[in-house]
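**Student:** The structure that follows is given in the form of structure tokens.
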Amino acid sequence: MKQEKSQTLEALIISIVIIAWLIGAITYMQAPDIVPIHWNLEGKPDNYAPKGIGLFLLPLINTGLYIFLFFIPKIDPNNQQLQDSMKTLQWIRLGTHGLLAIIMGWTSLSIIESTIVKPEWIFAIVALFLAFLGKVMANVKQNYFVGIRTPWTLSNEVVWDDTHRFTAPLWLYSGILMTVVISLLTMSGFSAIIILPIFLAWIFTIVIIPIVYSYKRFKEEKNR
């Protein structure tokens with residue numbers, strides 16, 4: 001079923017991109033001339049840059065990403081397929097821009113308040129973002145830019161559809177579970193150094209399983 005583009009979703013996406021610039025501008029007026037741009041696993045800054053770069057790099061990336069993702073349906077060889085899942089693509093764009101804006105707000109607050117960024121909470125936010133992707137990705141049509149792009153999903157539309165229907169609940173429920181696990185570990189006093197291997201193992205698992213599934217599904221279709 002063809003999806004129509006939502007003007008409401010598009011307005012929300014644009015608002016998030018603008019909010020990121022506003023956060024940078026507000027922080028700029030209160031920040032020192034040199035600001036942190038990277039934090040270690042203890043949440044302490046370990047790299048710095050002039051505030052003009054440090055505070056506006058993420059908004060610039062967010063804006064560039066908006067332009068790129070906006071024009072994807074026009075440049076994708078399967079542009080009609082992607083046009084048919086336009087609202088799904090908008091939801092994916094909304095989540096992606098929202099994630100960058102949250103990170104922007106988090107780091108900006110740490111600069112103003114001179115507080116420690118807790119990486120473990122960033123892990124939880126990313127896990128929740130991947131759960132969100134799992135919620136919306138099931139109906140994305142075959143394309144070259146967005147989705148589970150393996151040689152087997154790109155070669156066969158049935159394999160693409162089945163792989164995304166399989167992967168969607170995997171990412172959704174495991175992402176929610178990982179968010180809860182990270183939150184409980186953090187509140188129990190475990191540091192990012194301990195949580196990071198757990199987080200990376202989960203990322204590896206939810207990436208490799210769809211790849212294996214798409215290969216297996218492709219072989220089944222080929223044997224038919």
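Convention: chains lettered A, B, ... in structure tokens order; per-chain residue numbering from 1; ligands numbered from 1 as shown.
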Please extract the residues of segment 119-178 of chain A with a backbone DSSP assignment of helix (DSSP H, G or I) and present them as a PyMOL selection string.
**Tutor:** chain A and resi 119-139+151-155+157-178
**Student:** How far is it from atom CA of Gly95 of chain A to atom CA of Ser15 of chain A, in Å with one decimal?
**Tutor:** 12.7 Å
**Student:** Select, from A:Lys87, A:Lys219, A:Lys74, A:Lys135, the residue with the minimum atom-to-atom distance to Asn156 of chain A, counting only C-alpha atoms.
**Tutor:**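 Between A:Lys87, A:Lys219, A:Lys74, A:Lys135, the residue approaching Asn156 of chain A most closely is A:Lys219.
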**Student:** What parts of segment 22-221 of chain A does DSSP call strand (DSSP E or B)? I'd like the answer as a PyMOL selection string.
**Tutor:** chain A and resi 34-39+45-50+85
**Student:** Applying 9 Å and only C-alpha atoms, which residues near segment 101-111 of chain A remain after dropping the ones on its own chain fewer than 3 positions away? List them as number ranges by chain.
**Tutor:** A: 16-17, 19-20, 23-24, 27, 30-32, 35-37, 55, 58-59, 62, 96-98, 114-117, 122, 125
**Student:** As a PyMOL selection string, please: the residues near Ala168 of chain A (cut-off 12 Å, only C-alpha atoms, same-chain neighbours under 5 positions excluded).
**Tutor:** chain A and resi 130-140+147-148+161-163+173-175+206-207+209-210
**Student:** Using C-alpha atoms, can you export the residues from the last selection as an mmCIF file, in the first residue's frame?
**Tutor:**
```cif
data_model
loop_
_atom_site.group_PDB
_atom_site.id
_atom_site.type_symbol
_atom_site.label_atom_id
_atom_site.label_comp_id
_atom_site.auth_asym_id
_atom_site.auth_seq_id
_atom_site.Cartn_x
_atom_site.Cartn_y
_atom_site.Cartn_z
ATOM 1 C CA LEU A 130 17.281 1.142 17.740
ATOM 2 C CA ALA A 131 14.081 -0.139 19.352
ATOM 3 C CA PHE A 132 12.284 2.766 17.671
ATOM 4 C CA LEU A 133 13.822 1.789 14.318
ATOM 5 C CA GLY A 134 12.584 -1.739 14.888
ATOM 6 C CA LYS A 135 9.082 -0.380 15.409
ATOM 7 C CA VAL A 136 8.986 1.523 12.115
ATOM 8 C CA MET A 137 11.265 -0.434 9.774
ATOM 9 C CA ALA A 138 9.038 -3.434 8.994
ATOM 10 C CA ASN A 139 7.292 -1.735 6.076
ATOM 11 C CA VAL A 140 10.214 0.000 4.374
ATOM 12 C CA GLY A 147 17.141 -0.683 5.815
ATOM 13 C CA ILE A 148 18.884 -4.069 6.078
ATOM 14 C CA ASP A 161 10.455 -7.904 2.929
ATOM 15 C CA ASP A 162 10.848 -11.074 4.998
ATOM 16 C CA THR A 163 14.158 -9.907 6.502
ATOM 17 C CA TYR A 173 11.970 -5.880 21.944
ATOM 18 C CA SER A 174 15.705 -6.416 22.410
ATOM 19 C CA GLY A 175 16.214 -2.628 22.269
ATOM 20 C CA ILE A 206 21.218 -7.700 16.287
ATOM 21 C CA VAL A 207 23.370 -6.862 13.258
ATOM 22 C CA ILE A 209 21.314 -12.163 12.957
ATOM 23 C CA PRO A 210 19.505 -10.298 10.116
#
```
**Student:** Just the residues within 7 Å of segment 193-199 of chain A, please, counting only C-alpha atoms, with nothing from its chain fewer than 2 positions along; format it as a CSV table (one decimal) with C-alpha atoms, in the first residue's frame.
**Tutor:**
```
chain,number,residue,atom,x,y,z
A,41,LEU,CA,34.3,6.2,29.3
A,120,GLU,CA,26.1,4.6,30.0
A,182,ILE,CA,21.6,-0.6,31.0
A,190,PHE,CA,28.1,-0.2,37.3
A,191,SER,CA,30.4,2.0,35.2
A,201,ALA,CA,27.8,-7.6,22.2
A,202,TRP,CA,24.1,-6.8,21.8
A,203,ILE,CA,24.8,-4.5,18.8
```
**Student:** Rank A:Ile13, A:Ile67, A:His38, A:Leu89 by their smallest atom-to-atom distance to Pro119 of chain A, using only C-alpha atoms, and report the top residue only.
**Tutor:**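 Closest residue, counting only C-alpha atoms: A:His38.
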**Student:** Choose the residue, out of A:Leu128, A:Ile61, A:Leu12, A:Met29, that has the smallest atom-to-atom separation from Met178 of chain A; count only C-alpha atoms.
**Tutor:**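 Going through A:Leu128, A:Ile61, A:Leu12, A:Met29 one by one, the smallest distance to Met178 of chain A is for A:Leu128.
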